[in-house]
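Q: If it helps, the file is called query.txt and holds compact mmCIF, C-alpha atoms and all ligand atoms:
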# COMPACT_ATOMS: atom_id res chain seq x y z
CA MET A 1 -74.19 -155.82 -15.58
CA GLU A 2 -76.15 -153.27 -17.64
CA ILE A 3 -74.43 -150.91 -20.08
CA ILE A 4 -76.05 -148.09 -22.04
CA PHE A 5 -74.47 -146.58 -25.16
CA TYR A 6 -75.12 -143.27 -26.88
CA HIS A 7 -73.21 -141.63 -29.73
CA PRO A 8 -74.90 -139.34 -32.27
CA THR A 9 -73.01 -140.79 -35.27
CA PHE A 10 -71.32 -144.08 -34.39
CA ASP A 11 -72.59 -147.46 -35.57
CA THR A 12 -74.35 -148.49 -32.34
CA PRO A 13 -75.07 -152.15 -33.30
CA TYR A 14 -71.38 -152.66 -34.16
CA TRP A 15 -70.22 -151.22 -30.83
CA ILE A 16 -72.71 -153.34 -28.91
CA ALA A 17 -71.74 -156.52 -30.76
CA GLU A 18 -67.99 -155.99 -30.31
CA LEU A 19 -68.24 -154.93 -26.68
CA SER A 20 -70.46 -157.95 -25.95
CA LYS A 21 -67.69 -160.26 -27.20
CA LEU A 22 -65.30 -158.86 -24.59
CA LEU A 23 -67.86 -158.52 -21.80
CA PRO A 24 -70.02 -161.63 -22.33
CA ASP A 25 -71.84 -161.22 -19.01
CA ALA A 26 -72.96 -157.67 -19.77
CA ARG A 27 -76.29 -156.66 -21.24
CA ILE A 28 -75.57 -153.73 -23.54
CA ARG A 29 -78.20 -151.54 -25.19
CA GLY A 30 -78.32 -148.39 -27.27
CA TRP A 31 -79.92 -145.67 -25.15
CA GLU A 32 -83.04 -144.00 -26.55
CA ARG A 33 -85.22 -141.22 -25.17
CA GLY A 34 -87.55 -142.53 -22.48
CA ASP A 35 -85.19 -145.33 -21.41
CA ASN A 36 -85.02 -144.99 -17.63
CA ALA A 37 -84.21 -148.63 -16.90
CA PRO A 38 -81.23 -149.19 -14.57
CA ALA A 39 -77.67 -149.17 -15.87
CA ASP A 40 -74.24 -149.67 -14.32
CA TYR A 41 -72.11 -148.02 -16.98
CA ALA A 42 -72.79 -145.40 -19.66
CA LEU A 43 -70.68 -144.93 -22.81
CA VAL A 44 -71.39 -141.51 -24.27
CA TRP A 45 -70.54 -138.67 -26.61
CA HIS A 46 -72.61 -135.46 -26.44
CA PRO A 47 -75.20 -137.24 -24.26
CA PRO A 48 -78.63 -135.70 -23.65
CA VAL A 49 -78.94 -134.65 -19.98
CA GLU A 50 -81.83 -137.06 -19.40
CA MET A 51 -79.68 -140.05 -20.36
CA LEU A 52 -77.42 -139.70 -17.29
CA GLN A 53 -79.46 -137.66 -14.84
CA GLY A 54 -80.68 -139.52 -11.74
CA ARG A 55 -78.90 -142.78 -12.54
CA GLU A 56 -76.85 -144.73 -10.04
CA LEU A 57 -73.98 -145.47 -12.38
CA LYS A 58 -70.66 -147.05 -11.47
CA ALA A 59 -68.87 -145.00 -14.15
CA VAL A 60 -69.31 -143.00 -17.35
CA PHE A 61 -66.99 -143.31 -20.35
CA ALA A 62 -66.47 -140.47 -22.81
CA LEU A 63 -66.02 -141.96 -26.28
CA GLY A 64 -63.15 -139.59 -27.11
CA ALA A 65 -60.00 -138.08 -25.61
CA GLY A 66 -61.31 -134.59 -24.89
CA VAL A 67 -63.97 -134.23 -22.20
CA ASP A 68 -64.58 -130.50 -22.66
CA SER A 69 -68.05 -130.91 -24.17
CA ILE A 70 -69.30 -133.19 -21.39
CA LEU A 71 -67.72 -131.02 -18.67
CA SER A 72 -69.25 -127.85 -20.08
CA LYS A 73 -72.66 -129.55 -20.16
CA LEU A 74 -72.08 -130.60 -16.56
CA LYS A 75 -71.47 -126.98 -15.58
CA ALA A 76 -74.93 -126.09 -16.84
CA HIS A 77 -76.51 -129.31 -15.51
CA PRO A 78 -74.54 -130.52 -12.48
CA GLU A 79 -77.40 -132.89 -11.67
CA MET A 80 -76.47 -134.88 -14.80
CA LEU A 81 -73.52 -136.58 -13.11
CA PRO A 82 -72.81 -136.34 -9.35
CA GLU A 83 -69.12 -136.01 -8.39
CA SER A 84 -69.28 -139.48 -6.85
CA ILE A 85 -69.63 -141.11 -10.31
CA PRO A 86 -66.22 -141.33 -12.00
CA LEU A 87 -65.80 -140.12 -15.57
CA PHE A 88 -63.28 -141.89 -17.79
CA ARG A 89 -61.93 -140.87 -21.19
CA LEU A 90 -60.03 -142.62 -23.96
CA GLU A 91 -56.28 -142.55 -23.53
CA ASP A 92 -54.60 -143.00 -26.90
CA THR A 93 -56.59 -146.04 -28.15
CA GLY A 94 -55.20 -145.50 -31.64
CA MET A 95 -55.25 -141.69 -31.58
CA GLY A 96 -51.53 -141.43 -30.81
CA ILE A 97 -50.47 -142.91 -34.15
CA GLN A 98 -52.93 -140.68 -36.01
CA MET A 99 -51.52 -137.58 -34.30
CA GLN A 100 -48.01 -138.76 -35.16
CA GLU A 101 -48.91 -139.19 -38.83
CA TYR A 102 -50.52 -135.77 -38.96
CA ALA A 103 -47.74 -133.90 -37.16
CA VAL A 104 -44.84 -135.61 -38.92
CA SER A 105 -46.32 -135.16 -42.39
CA GLN A 106 -47.02 -131.46 -41.83
CA VAL A 107 -43.71 -130.66 -40.16
CA LEU A 108 -41.84 -132.39 -43.00
CA HIS A 109 -43.99 -130.49 -45.52
CA TRP A 110 -42.82 -127.19 -44.00
CA PHE A 111 -39.26 -128.37 -43.35
CA ARG A 112 -38.79 -129.44 -46.99
CA ARG A 113 -40.35 -126.13 -48.08
CA PHE A 114 -43.13 -127.78 -50.07
CA ASP A 115 -45.33 -124.79 -49.24
CA ASP A 116 -42.79 -122.49 -50.93
CA TYR A 117 -42.41 -124.83 -53.90
CA GLN A 118 -46.19 -125.00 -54.33
CA ALA A 119 -46.29 -121.18 -54.43
CA LEU A 120 -43.46 -121.16 -57.00
CA GLN A 121 -45.24 -123.78 -59.09
CA ARG A 122 -48.32 -121.55 -59.26
CA GLN A 123 -46.03 -118.91 -60.87
CA SER A 124 -44.43 -121.52 -63.22
CA THR A 125 -41.09 -120.70 -61.55
CA TRP A 126 -38.20 -123.20 -61.45
CA GLN A 127 -36.23 -122.05 -58.42
CA PRO A 128 -34.29 -124.28 -56.00
CA LEU A 129 -34.39 -122.74 -52.49
CA PRO A 130 -31.85 -123.05 -49.64
CA ASP A 131 -32.49 -126.01 -47.35
CA TYR A 132 -33.66 -125.53 -43.79
CA THR A 133 -31.66 -127.33 -41.11
CA GLN A 134 -33.12 -129.36 -38.26
CA GLU A 135 -31.30 -127.06 -35.78
CA GLU A 136 -33.44 -124.10 -36.90
CA PHE A 137 -36.63 -126.15 -36.72
CA THR A 138 -37.26 -126.64 -33.00
CA ILE A 139 -40.62 -128.21 -32.35
CA GLY A 140 -42.52 -126.90 -29.32
CA ILE A 141 -45.39 -129.06 -28.10
CA MET A 142 -47.95 -127.40 -25.81
CA GLY A 143 -49.64 -130.10 -23.77
CA ALA A 144 -47.28 -132.90 -22.83
CA GLY A 145 -49.87 -135.57 -22.16
CA VAL A 146 -50.78 -138.87 -23.79
CA LEU A 147 -50.92 -137.47 -27.34
CA GLY A 148 -48.21 -134.82 -26.91
CA SER A 149 -45.76 -137.50 -25.81
CA LYS A 150 -46.49 -139.61 -28.90
CA VAL A 151 -45.99 -136.63 -31.20
CA ALA A 152 -42.72 -135.73 -29.44
CA GLU A 153 -41.43 -139.29 -29.90
CA SER A 154 -42.16 -139.32 -33.62
CA LEU A 155 -40.57 -135.94 -34.34
CA LEU A 156 -37.46 -136.82 -32.34
CA SER A 157 -36.97 -139.81 -34.60
CA TRP A 158 -36.79 -137.39 -37.57
CA GLY A 159 -33.96 -135.53 -35.84
CA PHE A 160 -35.80 -132.37 -34.81
CA PRO A 161 -35.00 -130.67 -31.50
CA VAL A 162 -38.16 -131.08 -29.38
CA ARG A 163 -39.37 -129.14 -26.34
CA CYS A 164 -42.64 -129.39 -24.47
CA TRP A 165 -44.70 -127.18 -22.17
CA SER A 166 -47.10 -128.49 -19.55
CA ARG A 167 -48.25 -127.90 -15.98
CA SER A 168 -45.64 -130.10 -14.39
CA ARG A 169 -42.10 -130.79 -15.61
CA LYS A 170 -41.55 -133.96 -17.66
CA GLN A 171 -38.49 -136.17 -17.64
CA TRP A 172 -38.55 -137.31 -21.25
CA PRO A 173 -35.27 -138.37 -22.83
CA GLN A 174 -34.01 -135.75 -25.34
CA VAL A 175 -36.99 -133.42 -24.79
CA THR A 176 -36.50 -130.06 -23.04
CA SER A 177 -39.38 -129.63 -20.63
CA TYR A 178 -40.87 -126.25 -19.68
CA ALA A 179 -43.52 -126.03 -16.99
CA GLY A 180 -46.07 -123.51 -15.86
CA GLU A 181 -46.91 -119.97 -16.89
CA ASP A 182 -43.53 -118.63 -15.73
CA GLU A 183 -41.74 -120.69 -18.38
CA LEU A 184 -44.21 -120.21 -21.24
CA ASN A 185 -42.39 -117.26 -22.83
CA ALA A 186 -39.02 -119.02 -22.72
CA PHE A 187 -40.65 -122.09 -24.29
CA LEU A 188 -42.18 -120.00 -27.09
CA GLN A 189 -39.06 -117.94 -27.79
CA GLY A 190 -37.13 -121.02 -28.92
CA THR A 191 -40.01 -122.73 -30.76
CA ARG A 192 -40.15 -122.65 -34.57
CA VAL A 193 -43.11 -125.02 -34.98
CA LEU A 194 -45.75 -124.68 -32.28
CA ILE A 195 -47.92 -127.79 -31.96
CA ASN A 196 -50.96 -127.50 -29.71
CA LEU A 197 -52.17 -130.58 -27.85
CA LEU A 198 -53.60 -128.96 -24.73
CA PRO A 199 -57.00 -129.85 -23.31
CA ASN A 200 -59.72 -127.20 -23.42
CA THR A 201 -59.93 -125.75 -19.91
CA ALA A 202 -60.57 -122.34 -18.38
CA GLU A 203 -56.78 -121.77 -18.29
CA THR A 204 -56.07 -122.75 -21.88
CA VAL A 205 -58.88 -120.99 -23.78
CA GLY A 206 -57.38 -118.30 -26.04
CA ILE A 207 -53.81 -119.26 -25.12
CA ILE A 208 -52.59 -118.92 -28.72
CA ASN A 209 -53.08 -115.17 -28.82
CA GLN A 210 -51.23 -112.06 -29.97
CA GLN A 211 -49.17 -111.84 -26.79
CA HIS A 212 -47.95 -115.42 -26.98
CA LEU A 213 -47.57 -115.53 -30.76
CA SER A 214 -45.34 -112.44 -30.54
CA GLN A 215 -42.85 -114.51 -28.49
CA LEU A 216 -42.21 -116.93 -31.37
CA PRO A 217 -39.31 -116.28 -33.75
CA ASP A 218 -40.31 -114.65 -37.08
CA ASN A 219 -41.44 -117.09 -39.78
CA SER A 220 -42.73 -119.66 -37.33
CA TYR A 221 -45.49 -122.19 -37.85
CA VAL A 222 -48.59 -123.17 -35.87
CA LEU A 223 -50.20 -126.59 -35.95
CA ASN A 224 -53.43 -126.76 -33.94
CA LEU A 225 -54.49 -130.33 -33.25
CA ALA A 226 -56.40 -129.81 -30.01
CA ARG A 227 -59.38 -127.44 -29.85
CA GLY A 228 -60.35 -124.34 -31.85
CA VAL A 229 -60.98 -122.28 -28.70
CA HIS A 230 -57.27 -122.36 -27.92
CA VAL A 231 -56.58 -120.01 -30.82
CA VAL A 232 -57.68 -116.38 -31.07
CA GLU A 233 -58.34 -116.59 -34.80
CA GLU A 234 -58.00 -112.83 -35.50
CA ASP A 235 -54.62 -112.82 -33.73
CA LEU A 236 -53.48 -115.81 -35.76
CA LEU A 237 -54.47 -114.07 -39.01
CA ALA A 238 -52.70 -110.87 -37.92
CA ALA A 239 -49.56 -112.90 -37.08
CA LEU A 240 -49.66 -114.50 -40.54
CA ASP A 241 -50.10 -111.14 -42.24
CA CYS A 242 -47.23 -109.41 -40.40
CA GLY A 243 -44.71 -112.22 -41.05
CA LYS A 244 -44.53 -113.53 -37.49
CA LEU A 245 -46.04 -116.76 -38.76
CA LYS A 246 -45.11 -118.31 -42.07
CA ALA A 247 -48.00 -120.75 -42.10
CA ALA A 248 -50.65 -122.43 -40.00
CA MET A 249 -52.31 -125.80 -40.27
CA LEU A 250 -55.58 -126.08 -38.37
CA ASP A 251 -57.68 -129.14 -37.66
CA VAL A 252 -60.01 -127.49 -35.16
CA PHE A 253 -61.85 -124.19 -35.05
CA SER A 254 -63.70 -121.95 -32.60
CA ARG A 255 -66.87 -122.78 -34.56
CA GLU A 256 -67.31 -126.14 -36.28
CA PRO A 257 -68.17 -126.54 -39.08
CA LEU A 258 -66.09 -123.47 -39.88
CA PRO A 259 -68.54 -120.81 -41.16
CA LYS A 260 -68.29 -120.07 -44.90
CA GLU A 261 -67.51 -116.41 -44.20
CA SER A 262 -64.38 -117.20 -42.12
CA PRO A 263 -61.27 -115.58 -43.67
CA LEU A 264 -59.32 -118.71 -42.70
CA TRP A 265 -60.81 -120.63 -45.65
CA LEU A 266 -59.10 -118.48 -48.26
CA HIS A 267 -55.90 -117.41 -46.54
CA PRO A 268 -53.03 -118.53 -48.81
CA ARG A 269 -50.89 -119.72 -45.90
CA VAL A 270 -53.56 -121.53 -43.93
CA THR A 271 -54.29 -125.17 -44.57
CA MET A 272 -56.99 -127.07 -42.78
CA THR A 273 -58.77 -130.32 -42.13
CA PRO A 274 -62.27 -130.72 -40.67
CA HIS A 275 -61.49 -132.01 -37.13
CA VAL A 276 -60.12 -135.35 -38.24
CA ALA A 277 -56.59 -135.28 -36.78
CA ALA A 278 -57.34 -138.31 -34.61
CA VAL A 279 -60.67 -140.05 -34.52
CA THR A 280 -61.91 -142.72 -32.14
CA ARG A 281 -60.85 -146.13 -33.46
CA PRO A 282 -63.68 -148.50 -32.43
CA LYS A 283 -61.63 -151.68 -32.03
CA GLU A 284 -58.99 -150.12 -29.76
CA ALA A 285 -61.54 -148.04 -27.85
CA ILE A 286 -63.78 -151.05 -27.21
CA ALA A 287 -60.86 -153.13 -25.93
CA TYR A 288 -59.79 -150.26 -23.66
CA ILE A 289 -63.29 -149.72 -22.24
CA ALA A 290 -63.85 -153.45 -21.70
CA GLN A 291 -60.54 -153.70 -19.86
CA THR A 292 -61.32 -150.64 -17.71
CA ILE A 293 -64.77 -151.99 -16.79
CA THR A 294 -63.21 -155.34 -15.89
CA GLN A 295 -60.70 -153.57 -13.62
CA LEU A 296 -63.48 -151.54 -11.98
CA GLU A 297 -65.53 -154.68 -11.39
CA ARG A 298 -62.49 -156.25 -9.69
CA GLY A 299 -62.20 -153.21 -7.42
CA GLU A 300 -58.99 -151.98 -9.08
CA ALA A 301 -58.22 -148.35 -9.95
CA PRO A 302 -57.73 -148.10 -13.72
CA GLY A 303 -56.10 -145.16 -15.52
CA GLY A 304 -58.00 -142.69 -17.64
CA GLN A 305 -60.14 -141.11 -14.95
CA VAL A 306 -60.88 -137.44 -15.55
CA ASP A 307 -60.15 -134.93 -12.83
CA ARG A 308 -63.31 -132.86 -13.00
CA VAL A 309 -61.85 -129.97 -11.01
CA ARG A 310 -58.75 -129.72 -13.21
CA GLY A 311 -60.95 -130.08 -16.27
CA TYR A 312 -59.16 -132.87 -18.17
N1 LIG A 401 -58.26 -132.81 -33.22
C1 LIG A 401 -58.57 -134.04 -32.86
O1 LIG A 401 -58.98 -134.83 -33.70
C2 LIG A 401 -58.36 -134.46 -31.45
C3 LIG A 401 -58.07 -133.55 -30.47
N2 LIG A 401 -57.82 -133.98 -29.19
C4 LIG A 401 -57.49 -132.97 -28.17
O2 LIG A 401 -56.21 -133.26 -27.63
C5 LIG A 401 -56.22 -132.96 -26.25
C6 LIG A 401 -55.07 -133.63 -25.53
O3 LIG A 401 -55.33 -135.03 -25.41
P1 LIG A 401 -54.43 -135.95 -24.45
O4 LIG A 401 -52.99 -135.85 -24.81
O5 LIG A 401 -55.05 -137.29 -24.43
O6 LIG A 401 -54.65 -135.20 -23.04
P2 LIG A 401 -53.83 -135.35 -21.70
O7 LIG A 401 -54.76 -134.99 -20.60
O8 LIG A 401 -53.12 -136.65 -21.65
O9 LIG A 401 -52.70 -134.22 -21.82
C7 LIG A 401 -52.92 -132.88 -21.56
C8 LIG A 401 -51.60 -132.18 -21.28
O10 LIG A 401 -51.86 -130.78 -21.20
C9 LIG A 401 -51.22 -130.25 -20.07
N3 LIG A 401 -51.96 -129.11 -19.53
C10 LIG A 401 -53.25 -129.08 -19.14
N4 LIG A 401 -53.59 -127.84 -18.69
C11 LIG A 401 -52.46 -127.10 -18.80
C12 LIG A 401 -52.15 -125.76 -18.50
N5 LIG A 401 -53.06 -124.92 -18.00
N6 LIG A 401 -50.90 -125.32 -18.73
C13 LIG A 401 -49.96 -126.16 -19.23
N7 LIG A 401 -50.20 -127.44 -19.54
C14 LIG A 401 -51.43 -127.91 -19.33
C15 LIG A 401 -51.17 -131.39 -19.05
O11 LIG A 401 -50.14 -131.16 -18.11
C16 LIG A 401 -50.92 -132.58 -19.98
O12 LIG A 401 -49.53 -132.67 -20.20
C17 LIG A 401 -57.63 -133.40 -25.82
O13 LIG A 401 -58.03 -132.75 -24.63
C18 LIG A 401 -58.48 -133.00 -27.00
O14 LIG A 401 -59.02 -131.72 -26.82
C19 LIG A 401 -57.84 -135.30 -28.85
C20 LIG A 401 -58.13 -136.23 -29.79
C21 LIG A 401 -58.44 -135.90 -31.16
O1 LIG A 402 -61.48 -137.45 -29.02
C1 LIG A 402 -61.51 -136.22 -29.17
O2 LIG A 402 -61.38 -135.44 -28.23
C2 LIG A 402 -61.73 -135.68 -30.50
O3 LIG A 402 -61.61 -134.50 -30.71
C3 LIG A 402 -62.09 -136.64 -31.56
O4 LIG A 402 -62.10 -136.09 -32.81
Show me this structure written as structure tokens.
A:
Amino acid sequence: MEIIFYHPTFDTPYWIAELSKLLPDARIRGWERGDNAPADYALVWHPPVEMLQGRELKAVFALGAGVDSILSKLKAHPEMLPESIPLFRLEDTGMGIQMQEYAVSQVLHWFRRFDDYQALQRQSTWQPLPDYTQEEFTIGIMGAGVLGSKVAESLLSWGFPVRCWSRSRKQWPQVTSYAGEDELNAFLQGTRVLINLLPNTAETVGIINQQHLSQLPDNSYVLNLARGVHVVEEDLLAALDCGKLKAAMLDVFSREPLPKESPLWLHPRVTMTPHVAAVTRPKEAIAYIAQTITQLERGEAPGGQVDRVRGY
């Protein structure tokens, strides 16, 4: 079995060495321009078109959870990957715990009013503030998939009311499930902290916009952990400035790196991280890919296959 690997920043020799331990019969090589030798599987992130085009692959693996970049490249270059070749993505593989850490720490930061206390500290003001209660801090998770479910679980354990919104209704213990466009407004109207974990698809681009933000209660919060294109940044800033939103924490942006001139950098109630909410953990990802390849070789149907029409 031949496997080719391409990632613009990962440590290719490490990935090859670790994957070889789990797939001892495979010959694994880092792909370089000009390499047209046969391959059965390709492991990729932002692959050049020529890496995949014209190959008779058994499957392609995206080395992350989101497949928006590879699917948008496929729109422009459908010849890169015929429909008959399945595309797999990473499901959790250590990203769930990272999303839990991120969401729980930020929700608790807002819930315990550390943002307000930091503002008071800057004015040298000693001023205890009234506590918030869990009942007034309903968490609304958009995107009830692999990562959304992990985040829901962790916030439930801190006693917050949790609701989720997705395409189809979920039966999760203690979580109120809203489904489809018809229920989006009702979902938003009872959400105090909106956490976005949707995939980037034609239906979800720009979904956090003026119209939807206006449905949230006043003094709400937005935590964007998914993709920058979900948020209309001017609408978010307007919502912060009119008091609809109390604060926003953003990990992802419509343009990355965020341009220096973006007003988000200096807004006093915006905090940000540079797209690090959950990164690919090599050990877990390698074990997952090795297991999936083994299942494919046995003729089984493993999980994690992307529905290219649906877009995630
Ligand atoms: N900031 C970061 O570091 C990272 C961000 N991500 C982002 O998180 C996203 C979610 O990842 P997973 O949970 O693994 O994806 P997933 O595919 O398991 O879950 C997606 C969820 O969104 C829902 N959904 C999709 N389209 C919808 C629509 N039009 N309306 C309502 N609900 C819809 C689905 O029903 C599903 O519940 C990824 O696509 C990626 O963009 C993932 C990893 C790291
Ligand atoms: O895996 C993904 O989709 C990511 O965004 C990694 O940062």
Q: One decimal, Å: what's the distance from CA of Ser149 (chain A) over to atom C13 of ligand LIG 401 (chain A), could you say?
A: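 So the answer is 13.8 Å.
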Q: For chain A versus ligand LIG 401 (chain A), which residues have an atom no more than 7 Å away, and what is each residue's nearest atom pair and distance in Å rounded to one decimal, using only C-alpha atoms and all ligand atoms, chain-then-number order, as a Markdown table?
A:
| residue | atom | partner | partner_atom | distance |
| --- | --- | --- | --- | --- |
| A:Gly64 | CA | A:LIG401 | C20 | 6.6 |
| A:Ala65 | CA | A:LIG401 | C19 | 4.8 |
| A:Gly66 | CA | A:LIG401 | O13 | 3.8 |
| A:Val67 | CA | A:LIG401 | O13 | 6.6 |
| A:Glu91 | CA | A:LIG401 | O5 | 5.5 |
| A:Asp92 | CA | A:LIG401 | O5 | 6.2 |
| A:Met95 | CA | A:LIG401 | C20 | 6.4 |
| A:Met142 | CA | A:LIG401 | N7 | 6.7 |
| A:Gly143 | CA | A:LIG401 | O10 | 3.5 |
| A:Ala144 | CA | A:LIG401 | O12 | 3.5 |
| A:Gly145 | CA | A:LIG401 | O9 | 3.2 |
| A:Val146 | CA | A:LIG401 | O8 | 3.9 |
| A:Leu147 | CA | A:LIG401 | O4 | 3.6 |
| A:Gly148 | CA | A:LIG401 | O4 | 5.3 |
| A:Trp165 | CA | A:LIG401 | N7 | 6.1 |
| A:Ser166 | CA | A:LIG401 | N7 | 3.3 |
| A:Arg167 | CA | A:LIG401 | C13 | 4.1 |
| A:Ser168 | CA | A:LIG401 | O11 | 5.9 |
| A:Ala179 | CA | A:LIG401 | C13 | 6.8 |
| A:Gly180 | CA | A:LIG401 | C13 | 5.8 |
| A:Glu181 | CA | A:LIG401 | N6 | 6.9 |
| A:Leu197 | CA | A:LIG401 | C6 | 4.8 |
| A:Leu198 | CA | A:LIG401 | O10 | 4.3 |
| A:Pro199 | CA | A:LIG401 | O13 | 3.3 |
| A:Asn200 | CA | A:LIG401 | O14 | 5.7 |
| A:Thr201 | CA | A:LIG401 | N4 | 6.8 |
| A:Glu203 | CA | A:LIG401 | N5 | 4.9 |
| A:Thr204 | CA | A:LIG401 | N5 | 5.4 |
| A:Leu225 | CA | A:LIG401 | N1 | 4.5 |
| A:Ala226 | CA | A:LIG401 | C4 | 3.8 |
| A:Arg227 | CA | A:LIG401 | O14 | 5.3 |
| A:Asp251 | CA | A:LIG401 | N1 | 5.8 |
| A:Val252 | CA | A:LIG401 | N1 | 5.9 |
| A:His275 | CA | A:LIG401 | O1 | 5.1 |
| A:Val276 | CA | A:LIG401 | O1 | 4.7 |
| A:Ala277 | CA | A:LIG401 | O1 | 3.9 |
| A:Ala278 | CA | A:LIG401 | O1 | 4.0 |
| A:Val279 | CA | A:LIG401 | O1 | 5.5 |
| A:Tyr312 | CA | A:LIG401 | O7 | 5.5 |
Q: From the list A:Gln118, A:Gln291, A:Gln98, A:Ser20, which residue is nearest ligand LIG 402 (chain A) when using all atoms listed in the file?
A: A:Gln98
Q: Could you check how far CA of Lys58 (chain A) sits from CA of Ala39 (chain A), in Å to one decimal?
A: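 Spanning CA of Lys58 (chain A) to CA of Ala39 (chain A) is a straight-line distance of 8.5 Å.
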Q: When distances are computed from all atoms listed in the file, which of A:Val175, A:Ile85, A:Leu258, A:Leu57 shows the smallest separation from Pro274 (chain A)?
A: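 Closest to Pro274 (chain A), using all atoms listed in the file: A:Leu258.
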Q: From the options A:Gly228, A:Pro263, A:Gly206, A:Pro268, which residue's atoms come nearest to ligand LIG 402 (chain A), counting only C-alpha atoms and all ligand atoms?
A: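 Checking each candidate against ligand LIG 402 (chain A), we get A:Gly228 as the closest.
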Q: Kindly assemble as a Markdown table a list of the region 62-180 of chain A residues that lie within 8 Å of region 40-55 of chain A, each paired with its nearest atom pair and their distance in Å to one decimal, using all atoms listed in the file, sorted first by chain and then by ascending residue number.
A:
| residue | atom | partner | partner_atom | distance |
| --- | --- | --- | --- | --- |
| A:Ala62 | CA | A:Val44 | CA | 5.2 |
| A:Leu63 | CA | A:Trp45 | CA | 5.6 |
| A:Gly64 | CA | A:Trp45 | CA | 7.5 |
| A:Ser69 | CA | A:His46 | CA | 6.8 |
| A:Ile70 | CA | A:His46 | CA | 6.5 |
| A:His77 | CA | A:Val49 | CA | 7.4 |
| A:Glu79 | CA | A:Gln53 | CA | 6.1 |
| A:Met80 | CA | A:Gln53 | CA | 4.1 |
| A:Leu81 | CA | A:Gln53 | CA | 6.3 |
Q: Rounded to one decimal in Å, what is the spacing between CA of Asn209 (chain A) and CA of Val231 (chain A)?
A: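 For CA of Asn209 (chain A) relative to CA of Val231 (chain A), the distance reads 6.3 Å.
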Q: Measuring atom to atom with only C-alpha atoms, identify which of A:Leu87, A:Leu129, A:Leu22, A:Ile195 is nearest to Ala290 (chain A).
A: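 Checking each of A:Leu87, A:Leu129, A:Leu22, A:Ile195 against Ala290 (chain A), counting only C-alpha atoms, the winner is A:Leu22.
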Q: Ranking A:Thr176, A:Thr93, A:Asn185, A:Gln211 by minimum distance to ligand LIG 402 (chain A) and counting all atoms listed in the file, which one comes first?
A: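 Using all atoms listed in the file, ligand LIG 402 (chain A) sits closest to A:Thr93.
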Q: Point out the residue among A:Lys73, A:Lys21, A:Arg281, A:Arg308 with the least atom-to-atom distance to ligand LIG 402 (chain A), counting only C-alpha atoms and all ligand atoms.
A: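 Between A:Lys73, A:Lys21, A:Arg281, A:Arg308, the residue approaching ligand LIG 402 (chain A) most closely is A:Arg281.
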Q: Starting from the point (-43.3, -124.4, -39.4), work out which residues of protein, DNA or RNA have an atom no more than 10 Å away when counting only C-alpha atoms; state them as a list of chain:residue names.
A: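 Looking at atoms near the point gives A:Gln106, A:Val107, A:Leu108, A:His109, A:Trp110, A:Phe111, A:Arg113, A:Phe137, A:Thr138, A:Ile139, A:Thr191, A:Arg192, A:Val193, A:Leu194, A:Ile195, A:Asn219, A:Ser220, A:Tyr221, A:Val222, A:Leu223, A:Leu245, A:Lys246, A:Ala247, A:Ala248, A:Met249.
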Q: Which polymer residues have any atom within 10 Å of an atom of Ala152 (chain A), counting all atoms listed in the file, with same-chain residues fewer than 6 positions away left out, as an mmCIF file with C-alpha atoms, keeping the file's coordinate frame?
A:
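Full text of selection.cif as output:
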data_model
loop_
_atom_site.group_PDB
_atom_site.id
_atom_site.type_symbol
_atom_site.label_atom_id
_atom_site.label_comp_id
_atom_site.auth_asym_id
_atom_site.auth_seq_id
_atom_site.Cartn_x
_atom_site.Cartn_y
_atom_site.Cartn_z
ATOM 1 C CA GLN A 100 -48.010 -138.760 -35.160
ATOM 2 C CA ALA A 103 -47.740 -133.900 -37.160
ATOM 3 C CA VAL A 104 -44.840 -135.610 -38.920
ATOM 4 C CA ILE A 139 -40.620 -128.210 -32.350
ATOM 5 C CA GLY A 140 -42.520 -126.900 -29.320
ATOM 6 C CA ILE A 141 -45.390 -129.060 -28.100
ATOM 7 C CA ALA A 144 -47.280 -132.900 -22.830
ATOM 8 C CA PHE A 160 -35.800 -132.370 -34.810
ATOM 9 C CA PRO A 161 -35.000 -130.670 -31.500
ATOM 10 C CA VAL A 162 -38.160 -131.080 -29.380
ATOM 11 C CA ARG A 163 -39.370 -129.140 -26.340
ATOM 12 C CA CYS A 164 -42.640 -129.390 -24.470
ATOM 13 C CA TRP A 172 -38.550 -137.310 -21.250
ATOM 14 C CA GLN A 174 -34.010 -135.750 -25.340
ATOM 15 C CA VAL A 175 -36.990 -133.420 -24.790
ATOM 16 C CA ILE A 195 -47.920 -127.790 -31.960
#
Q: Starting from the point (-50.8, -121.0, -51.0), work out which residues of protein, DNA or RNA have an atom no more than 10 Å away when counting all atoms listed in the file; state them as a list in words.
A: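 In the file's frame, the residues around the point are Asp115, Asp116, Tyr117, Gln118, Ala119, Leu120, Arg122, Ala247, Leu266, His267, Pro268, Arg269, Val270 and Thr271 of chain A.
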